[in-house]
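Engineer: My file is coords-v1.pdb. It has PDB, C-alpha atoms:
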MODEL        1
ATOM      1  CA  MET A1232    -134.536-145.236   8.371
ATOM      2  CA  LYS A1233    -131.236-144.794  10.163
ATOM      3  CA  ALA A1234    -131.817-146.328  13.590
ATOM      4  CA  ILE A1235    -133.523-149.418  14.928
ATOM      5  CA  ILE A1236    -134.351-149.482  18.632
ATOM      6  CA  PHE A1237    -135.248-152.715  20.363
ATOM      7  CA  ASP A1238    -136.883-153.635  23.625
ATOM      8  CA  PHE A1239    -134.896-156.489  25.204
ATOM      9  CA  ASP A1240    -136.900-159.045  27.226
ATOM     10  CA  GLY A1241    -139.195-160.962  24.883
ATOM     11  CA  THR A1242    -137.942-159.034  21.852
ATOM     12  CA  LEU A1243    -134.198-159.621  21.468
ATOM     13  CA  ALA A1244    -133.881-162.497  23.904
ATOM     14  CA  ASP A1245    -136.194-165.084  25.417
ATOM     15  CA  THR A1246    -135.267-163.969  28.932
ATOM     16  CA  LEU A1247    -138.732-164.044  30.490
ATOM     17  CA  PRO A1248    -138.238-167.597  31.910
ATOM     18  CA  VAL A1249    -135.131-166.541  33.862
ATOM     19  CA  CYS A1250    -136.851-163.323  35.002
ATOM     20  CA  PHE A1251    -139.790-165.379  36.292
ATOM     21  CA  TYR A1252    -137.448-167.850  38.004
ATOM     22  CA  ALA A1253    -135.492-165.104  39.770
ATOM     23  CA  PHE A1254    -138.606-163.210  40.912
ATOM     24  CA  GLN A1255    -140.287-166.431  42.080
ATOM     25  CA  SER A1256    -137.164-167.293  44.098
ATOM     26  CA  VAL A1257    -137.209-163.867  45.760
ATOM     27  CA  PHE A1258    -140.907-163.876  46.675
ATOM     28  CA  LYS A1259    -140.668-167.459  47.966
ATOM     29  CA  GLU A1260    -137.570-166.721  50.052
ATOM     30  CA  PHE A1261    -138.670-163.407  51.558
ATOM     31  CA  ASP A1262    -142.497-163.397  51.558
ATOM     32  CA  ASN A1263    -143.004-167.187  51.451
ATOM     33  CA  ILE A1264    -145.509-166.877  48.595
ATOM     34  CA  GLU A1265    -145.727-168.447  45.170
ATOM     35  CA  VAL A1266    -146.151-165.891  42.380
ATOM     36  CA  THR A1267    -147.202-166.861  38.865
ATOM     37  CA  PRO A1268    -145.646-165.589  35.627
ATOM     38  CA  GLU A1269    -148.857-163.620  34.984
ATOM     39  CA  GLU A1270    -148.632-161.954  38.395
ATOM     40  CA  ILE A1271    -144.999-161.070  37.695
ATOM     41  CA  LYS A1272    -145.862-159.647  34.262
ATOM     42  CA  ALA A1273    -148.431-157.399  35.961
ATOM     43  CA  MET A1274    -145.581-155.902  38.035
ATOM     44  CA  PHE A1275    -143.482-155.027  34.970
ATOM     45  CA  GLY A1276    -142.731-151.370  34.319
ATOM     46  CA  PRO A1277    -140.020-150.345  36.770
ATOM     47  CA  ALA A1278    -136.600-152.021  36.753
ATOM     48  CA  GLU A1279    -136.260-155.232  38.785
ATOM     49  CA  THR A1280    -135.076-153.221  41.778
ATOM     50  CA  GLY A1281    -138.224-151.092  41.614
ATOM     51  CA  ILE A1282    -140.461-154.142  41.211
ATOM     52  CA  ILE A1283    -138.998-155.680  44.368
ATOM     53  CA  ARG A1284    -139.151-152.442  46.365
ATOM     54  CA  GLU A1285    -142.774-151.826  45.325
ATOM     55  CA  ASN A1286    -144.157-155.356  45.683
ATOM     56  CA  LEU A1287    -142.158-157.272  48.307
ATOM     57  CA  MET A1288    -143.782-157.209  51.734
ATOM     58  CA  ASP A1289    -140.545-158.096  53.527
ATOM     59  CA  SER A1290    -138.619-154.883  54.183
ATOM     60  CA  ASN A1291    -135.187-156.396  53.491
ATOM     61  CA  HIS A1292    -135.200-155.098  49.925
ATOM     62  CA  ASP A1293    -131.452-154.834  49.414
ATOM     63  CA  LYS A1294    -130.904-158.510  50.290
ATOM     64  CA  ALA A1295    -133.843-159.495  48.073
ATOM     65  CA  ILE A1296    -132.397-157.540  45.148
ATOM     66  CA  GLU A1297    -129.040-159.285  45.584
ATOM     67  CA  LEU A1298    -130.810-162.659  45.589
ATOM     68  CA  TYR A1299    -132.621-161.683  42.391
ATOM     69  CA  TYR A1300    -129.342-160.992  40.565
ATOM     70  CA  GLU A1301    -127.759-164.127  42.007
ATOM     71  CA  LYS A1302    -130.627-166.321  40.724
ATOM     72  CA  TYR A1303    -130.799-164.451  37.400
ATOM     73  CA  SER A1304    -127.105-165.045  36.770
ATOM     74  CA  GLU A1305    -127.083-168.602  38.109
ATOM     75  CA  LYS A1306    -129.786-169.917  35.758
ATOM     76  CA  HIS A1307    -129.313-167.647  32.721
ATOM     77  CA  ARG A1308    -127.337-170.035  30.526
ATOM     78  CA  GLU A1309    -129.706-172.886  31.382
ATOM     79  CA  LEU A1310    -132.988-171.034  30.836
ATOM     80  CA  VAL A1311    -132.073-168.584  28.045
ATOM     81  CA  VAL A1312    -131.041-170.114  24.738
ATOM     82  CA  GLU A1313    -129.055-168.109  22.202
ATOM     83  CA  ASN A1314    -131.208-167.366  19.179
ATOM     84  CA  GLN A1315    -129.235-167.634  15.952
ATOM     85  CA  GLU A1316    -131.927-165.850  13.930
ATOM     86  CA  ILE A1317    -131.732-162.815  16.215
ATOM     87  CA  ASN A1318    -127.919-162.863  16.162
ATOM     88  CA  ASP A1319    -127.909-163.011  12.366
ATOM     89  CA  LEU A1320    -130.434-160.163  12.186
ATOM     90  CA  LEU A1321    -128.301-157.895  14.382
ATOM     91  CA  LEU A1322    -125.177-158.617  12.351
ATOM     92  CA  LEU A1323    -127.095-157.973   9.118
ATOM     93  CA  LEU A1324    -128.336-154.611  10.416
ATOM     94  CA  LYS A1325    -124.809-153.662  11.498
ATOM     95  CA  ARG A1326    -123.498-154.504   8.023
ATOM     96  CA  LYS A1327    -126.185-152.252   6.534
ATOM     97  CA  ASP A1328    -124.938-149.401   8.773
ATOM     98  CA  TYR A1329    -128.071-149.027  10.864
ATOM     99  CA  LYS A1330    -127.576-147.505  14.304
ATOM    100  CA  LEU A1331    -128.817-150.044  16.856
ATOM    101  CA  GLY A1332    -130.247-149.287  20.272
ATOM    102  CA  ILE A1333    -131.852-150.941  23.273
ATOM    103  CA  VAL A1334    -134.522-149.257  25.385
ATOM    104  CA  THR A1335    -135.456-151.610  28.207
ATOM    105  CA  GLY A1336    -137.078-151.441  31.595
ATOM    106  CA  LYS A1337    -134.413-153.844  32.891
ATOM    107  CA  ALA A1338    -131.824-152.626  35.338
ATOM    108  CA  SER A1339    -128.381-152.224  33.801
ATOM    109  CA  ARG A1340    -126.929-154.981  36.002
ATOM    110  CA  SER A1341    -129.267-157.695  34.706
ATOM    111  CA  LEU A1342    -129.008-156.428  31.126
ATOM    112  CA  LEU A1343    -125.215-156.671  31.276
ATOM    113  CA  ILE A1344    -125.499-160.250  32.561
ATOM    114  CA  SER A1345    -127.761-161.092  29.598
ATOM    115  CA  LEU A1346    -125.628-159.330  26.982
ATOM    116  CA  ASP A1347    -122.556-161.145  28.277
ATOM    117  CA  CYS A1348    -124.228-164.578  28.376
ATOM    118  CA  LEU A1349    -125.665-164.097  24.864
ATOM    119  CA  ASN A1350    -122.481-162.648  23.315
ATOM    120  CA  MET A1351    -124.276-159.411  22.439
ATOM    121  CA  ASN A1352    -121.658-157.041  23.815
ATOM    122  CA  ASP A1353    -120.330-154.327  21.477
ATOM    123  CA  ILE A1354    -123.309-154.532  19.092
ATOM    124  CA  PHE A1355    -125.420-151.583  20.243
ATOM    125  CA  ASP A1356    -124.724-147.902  19.685
ATOM    126  CA  VAL A1357    -126.931-146.816  22.569
ATOM    127  CA  ILE A1358    -128.410-148.612  25.588
ATOM    128  CA  ILE A1359    -131.042-147.036  27.831
ATOM    129  CA  THR A1360    -132.039-149.153  30.849
ATOM    130  CA  GLY A1361    -134.584-148.706  33.603
ATOM    131  CA  ASP A1362    -131.803-147.126  35.669
ATOM    132  CA  ASP A1363    -131.362-144.341  33.101
ATOM    133  CA  VAL A1364    -134.899-142.928  33.172
ATOM    134  CA  THR A1365    -137.083-141.159  35.692
ATOM    135  CA  ILE A1366    -140.330-142.536  34.234
ATOM    136  CA  PRO A1367    -140.436-146.068  32.729
ATOM    137  CA  LYS A1368    -142.239-147.144  29.554
ATOM    138  CA  PRO A1369    -144.961-146.487  28.412
ATOM    139  CA  HIS A1370    -143.549-142.989  28.954
ATOM    140  CA  PRO A1371    -141.356-142.050  25.946
ATOM    141  CA  GLU A1372    -138.421-140.751  28.038
ATOM    142  CA  GLY A1373    -136.203-143.747  27.254
ATOM    143  CA  VAL A1374    -136.938-143.674  23.522
ATOM    144  CA  ASN A1375    -136.337-139.927  23.358
ATOM    145  CA  LYS A1376    -133.035-140.318  25.235
ATOM    146  CA  ALA A1377    -131.912-142.986  22.768
ATOM    147  CA  LEU A1378    -132.808-140.788  19.784
ATOM    148  CA  ALA A1379    -130.941-137.842  21.311
ATOM    149  CA  GLN A1380    -127.813-139.906  21.990
ATOM    150  CA  LEU A1381    -127.884-141.288  18.450
ATOM    151  CA  ASN A1382    -128.553-137.797  17.064
ATOM    152  CA  ILE A1383    -131.435-139.259  15.045
ATOM    153  CA  LYS A1384    -134.826-137.704  14.245
ATOM    154  CA  ASN A1385    -137.928-139.628  15.285
ATOM    155  CA  THR A1386    -138.884-139.986  11.598
ATOM    156  CA  GLU A1387    -135.621-141.885  11.031
ATOM    157  CA  ALA A1388    -136.182-144.567  13.688
ATOM    158  CA  ILE A1389    -138.097-147.792  14.218
ATOM    159  CA  LEU A1390    -138.997-149.226  17.632
ATOM    160  CA  LEU A1391    -139.599-152.952  18.059
ATOM    161  CA  GLY A1392    -141.181-154.399  21.182
ATOM    162  CA  ASP A1393    -143.384-157.180  22.498
ATOM    163  CA  SER A1394    -145.521-155.231  24.979
ATOM    164  CA  ASP A1395    -148.177-152.514  25.041
ATOM    165  CA  ALA A1396    -145.715-150.356  27.001
ATOM    166  CA  ASP A1397    -143.186-150.542  24.143
ATOM    167  CA  ILE A1398    -145.733-149.572  21.511
ATOM    168  CA  LEU A1399    -147.164-146.731  23.600
ATOM    169  CA  ALA A1400    -143.676-145.358  24.284
ATOM    170  CA  GLY A1401    -142.849-145.516  20.577
ATOM    171  CA  LYS A1402    -146.068-143.787  19.575
ATOM    172  CA  GLU A1403    -145.547-141.046  22.176
ATOM    173  CA  ALA A1404    -142.053-140.511  20.743
ATOM    174  CA  ASN A1405    -143.529-140.443  17.198
ATOM    175  CA  VAL A1406    -141.410-143.288  15.849
ATOM    176  CA  HIS A1407    -142.536-146.137  13.595
ATOM    177  CA  THR A1408    -143.637-148.979  15.887
ATOM    178  CA  ILE A1409    -143.460-152.715  15.273
ATOM    179  CA  GLY A1410    -145.080-155.194  17.644
ATOM    180  CA  VAL A1411    -143.202-158.484  17.594
ATOM    181  CA  GLN A1412    -144.261-161.941  18.723
ATOM    182  CA  TRP A1413    -141.362-163.934  17.352
ATOM    183  CA  LEU A1414    -139.863-165.531  20.470
ATOM    184  CA  PRO A1415    -141.354-168.410  22.495
ATOM    185  CA  ASN A1416    -142.236-166.039  25.377
ATOM    186  CA  TYR A1417    -143.485-162.487  24.892
ATOM    187  CA  GLN A1418    -145.413-160.079  27.083
ATOM    188  CA  THR A1419    -148.536-159.110  25.112
ATOM    189  CA  LEU A1420    -150.865-161.589  23.441
ATOM    190  CA  GLU A1421    -153.072-158.876  21.953
ATOM    191  CA  PHE A1422    -151.833-155.299  21.651
ATOM    192  CA  SER A1423    -154.345-152.875  23.152
ATOM    193  CA  VAL A1424    -152.760-150.074  21.132
ATOM    194  CA  GLN A1425    -152.115-151.157  17.568
ATOM    195  CA  PRO A1426    -148.511-150.856  16.381
ATOM    196  CA  ASP A1427    -147.814-149.628  12.851
ATOM    197  CA  GLU A1428    -146.852-153.203  11.997
ATOM    198  CA  LYS A1429    -147.098-156.607  13.683
ATOM    199  CA  LEU A1430    -144.555-159.326  12.919
ATOM    200  CA  SER A1431    -144.440-162.949  13.979
ATOM    201  CA  SER A1432    -141.042-163.855  12.527
ATOM    202  CA  VAL A1433    -137.560-162.410  12.167
ATOM    203  CA  TYR A1434    -137.742-163.265   8.460
ATOM    204  CA  GLU A1435    -140.703-160.871   8.062
ATOM    205  CA  PHE A1436    -138.645-158.073   9.576
ATOM    206  CA  LYS A1437    -135.760-158.749   7.209
ATOM    207  CA  GLN A1438    -138.228-158.376   4.329
ATOM    208  CA  SER A1439    -139.564-155.126   5.823
ATOM    209  CA  ILE A1440    -136.030-153.723   5.982
ATOM    210  CA  LYS A1441    -135.736-154.169   2.225
ATOM    211  CA  ASN A1442    -138.963-152.174   1.803
ATOM    212  CA  TYR A1443    -137.676-149.312   3.954
ATOM    213  CA  ARG A1444    -134.568-149.114   1.825
ATOM    214  CA  TYR A1445    -136.626-149.236  -1.372
ATOM    215  CA  GLU A1446    -138.999-146.483  -0.195
ATOM    216  CA  GLN A1447    -136.111-144.123   0.497
ATOM    217  CA  GLN A1448    -134.679-144.401  -3.008
TER     218      GLN A1448
ENDMDL
END
As structure tokens, please, write out the structure in this file.
Structural biologist:
Amino acid sequence: MKAIIFDFDGTLADTLPVCFYAFQSVFKEFDNIEVTPEEIKAMFGPAETGIIRENLMDSNHDKAIELYYEKYSEKHRELVVENQEINDLLLLLKRKDYKLGIVTGKASRSLLISLDCLNMNDIFDVIITGDDVTIPKPHPEGVNKALAQLNIKNTEAILLGDSDADILAGKEANVHTIGVQWLPNYQTLEFSVQPDEKLSSVYEFKQSIKNYRYEQQ
């Protein structure tokens, strides 16, 4: 294995609470409705801009999108706690010379806010956001783009994610898939498509990495 590709929300960072807060603020302000976290999860797929354009009844989409980013940024440090285990994992993988990537449905603007707040800048070799693809996950376009930019074969990569869309995208791209449920908030309680592995702790993944190394020798 040469490359490890991560989903972001619910996989690398517990950002779902701030996503919910920002979307709830937008729908309350513009449509005057209360939306639940489950209703918001059901909208996931496109980037935040696409979610707002597709689901907001009020036609003032550009203003709503600006409010989303304003709320996302405003509450990020309060609602999203840095996870030392994840930070240590990323640094460990860098030391072991793995190429690291992110393939996320998030828009680049919100991802950059998160990476900055969580001190994750300059860690990843490739980042593919919802703005960089024509078709979002579960389509494999984003994963394939990441592999191409890294110049890595699909047999040399692992994809980790917390949603059915992540696992489906990984399987369509023919990479080894790992479903993770190691943060307080994640998208899928039960995977409808079974990943190659399921992990409930970062420690388990660190142990798996040793096995990958051993198998290659």
Engineer: For Leu1331 of chain A, which of A:Asp1238, A:Asp1363, A:Glu1297, A:Glu1260 is the closest residue, counting only C-alpha atoms?
Structural biologist: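 Ranked by minimum distance to Leu1331 of chain A, first place goes to A:Asp1238.
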Engineer: With only C-alpha atoms as the atoms that count, which of A:Ile1383, A:Ile1398, A:Leu1346, A:Val1357 lies nearest to Asn1318 of chain A?
Structural biologist: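 Of all the options, A:Leu1346 lies closest to Asn1318 of chain A.
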Engineer: So, counting only C-alpha atoms, which residue among A:Ser1290, A:Ser1394, A:Ser1345, A:Thr1386 is closest to Arg1308 of chain A?
Structural biologist: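 Looking only at the distances to Arg1308 of chain A, the closest residue turns out to be A:Ser1345.
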Engineer: Using the chain letters and numbering of this document, enumerate as a PyMOL selection string the residues selected by the PyMOL selection byres ((chain A and resi 1274-1281) around 12).
Structural biologist: chain A and resi 1240+1247+1250-1251+1253-1254+1257+1266-1273+1282-1287+1292-1300+1303+1334-1342+1359-1370+1394-1397+1400+1418-1419
Engineer: Where does the PyMOL selection byres ((chain A and resi 1436) around 12) land in this file, that is, which residues does it pick, as a PDB file with C-alpha atoms, in the frame of the given file?
Structural biologist:
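Generated file (expr.pdb):
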ATOM      1  CA  ILE A1235    -133.523-149.418  14.928  1.00  0.00           C
ATOM      2  CA  GLU A1316    -131.927-165.850  13.930  1.00  0.00           C
ATOM      3  CA  ILE A1317    -131.732-162.815  16.215  1.00  0.00           C
ATOM      4  CA  LEU A1320    -130.434-160.163  12.186  1.00  0.00           C
ATOM      5  CA  LEU A1321    -128.301-157.895  14.382  1.00  0.00           C
ATOM      6  CA  LEU A1323    -127.095-157.973   9.118  1.00  0.00           C
ATOM      7  CA  LEU A1324    -128.336-154.611  10.416  1.00  0.00           C
ATOM      8  CA  ILE A1389    -138.097-147.792  14.218  1.00  0.00           C
ATOM      9  CA  LEU A1390    -138.997-149.226  17.632  1.00  0.00           C
ATOM     10  CA  LEU A1391    -139.599-152.952  18.059  1.00  0.00           C
ATOM     11  CA  ILE A1409    -143.460-152.715  15.273  1.00  0.00           C
ATOM     12  CA  GLY A1410    -145.080-155.194  17.644  1.00  0.00           C
ATOM     13  CA  VAL A1411    -143.202-158.484  17.594  1.00  0.00           C
ATOM     14  CA  GLN A1412    -144.261-161.941  18.723  1.00  0.00           C
ATOM     15  CA  TRP A1413    -141.362-163.934  17.352  1.00  0.00           C
ATOM     16  CA  GLU A1428    -146.852-153.203  11.997  1.00  0.00           C
ATOM     17  CA  LYS A1429    -147.098-156.607  13.683  1.00  0.00           C
ATOM     18  CA  LEU A1430    -144.555-159.326  12.919  1.00  0.00           C
ATOM     19  CA  SER A1431    -144.440-162.949  13.979  1.00  0.00           C
ATOM     20  CA  SER A1432    -141.042-163.855  12.527  1.00  0.00           C
ATOM     21  CA  VAL A1433    -137.560-162.410  12.167  1.00  0.00           C
ATOM     22  CA  TYR A1434    -137.742-163.265   8.460  1.00  0.00           C
ATOM     23  CA  GLU A1435    -140.703-160.871   8.062  1.00  0.00           C
ATOM     24  CA  LYS A1437    -135.760-158.749   7.209  1.00  0.00           C
ATOM     25  CA  GLN A1438    -138.228-158.376   4.329  1.00  0.00           C
ATOM     26  CA  SER A1439    -139.564-155.126   5.823  1.00  0.00           C
ATOM     27  CA  ILE A1440    -136.030-153.723   5.982  1.00  0.00           C
ATOM     28  CA  LYS A1441    -135.736-154.169   2.225  1.00  0.00           C
ATOM     29  CA  ASN A1442    -138.963-152.174   1.803  1.00  0.00           C
ATOM     30  CA  TYR A1443    -137.676-149.312   3.954  1.00  0.00           C
TER      31      TYR A1443
END
Engineer: May I ask for the distance between atom CA of Gly1401 of chain A and atom CA of Met1351 of chain A, given in Å to one decimal place?
Structural biologist: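 Between these atoms lies a distance of 23.3 Å.
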Engineer: What does the distance from atom CA of Leu1322 of chain A to atom CA of Ser1304 of chain A come to in Å, to one decimal?
Structural biologist: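 Atom CA of Ser1304 of chain A lies at a distance of 25.3 Å from atom CA of Leu1322 of chain A.
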Engineer: Set the distance at 12 Å and use all atoms listed in the file: which residues neighbour Glu1309 of chain A once local chain neighbours fewer than 3 positions away are removed? I'd like the list as a list in words.
Structural biologist: Asp1245, Thr1246, Pro1248, Val1249, Tyr1252, Lys1302, Tyr1303, Ser1304, Glu1305, Lys1306, Val1312, Glu1313, Cys1348 and Leu1349 of chain A
Engineer: Can those selected residues be exported to a file as a compact mmCIF listing (two decimals), in the frame of the given file so that it contains C-alpha atoms?
Structural biologist:
# COMPACT_ATOMS: atom_id res chain seq x y z
CA ASP A 1245 -136.19 -165.08 25.42
CA THR A 1246 -135.27 -163.97 28.93
CA PRO A 1248 -138.24 -167.60 31.91
CA VAL A 1249 -135.13 -166.54 33.86
CA TYR A 1252 -137.45 -167.85 38.00
CA LYS A 1302 -130.63 -166.32 40.72
CA TYR A 1303 -130.80 -164.45 37.40
CA SER A 1304 -127.10 -165.04 36.77
CA GLU A 1305 -127.08 -168.60 38.11
CA LYS A 1306 -129.79 -169.92 35.76
CA VAL A 1312 -131.04 -170.11 24.74
CA GLU A 1313 -129.06 -168.11 22.20
CA CYS A 1348 -124.23 -164.58 28.38
CA LEU A 1349 -125.66 -164.10 24.86
Engineer: Tell me which residues the PyMOL selection byres ((chain A and resi 1371) around 6) grabs here, as a PDB file with C-alpha atoms, keeping the file's coordinate frame.
Structural biologist:
ATOM      1  CA  HIS A1370    -143.549-142.989  28.954  1.00  0.00           C
ATOM      2  CA  GLU A1372    -138.421-140.751  28.038  1.00  0.00           C
ATOM      3  CA  GLY A1373    -136.203-143.747  27.254  1.00  0.00           C
ATOM      4  CA  VAL A1374    -136.938-143.674  23.522  1.00  0.00           C
ATOM      5  CA  ALA A1400    -143.676-145.358  24.284  1.00  0.00           C
ATOM      6  CA  GLU A1403    -145.547-141.046  22.176  1.00  0.00           C
ATOM      7  CA  ALA A1404    -142.053-140.511  20.743  1.00  0.00           C
TER       8      ALA A1404
END
Engineer: Please indicate the distance in Å from atom CA of Asp1262 of chain A to atom CA of Met1288 of chain A, rounded to one decimal place.
Structural biologist: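 Atom-to-atom, atom CA of Asp1262 of chain A and atom CA of Met1288 of chain A are spaced 6.3 Å apart.
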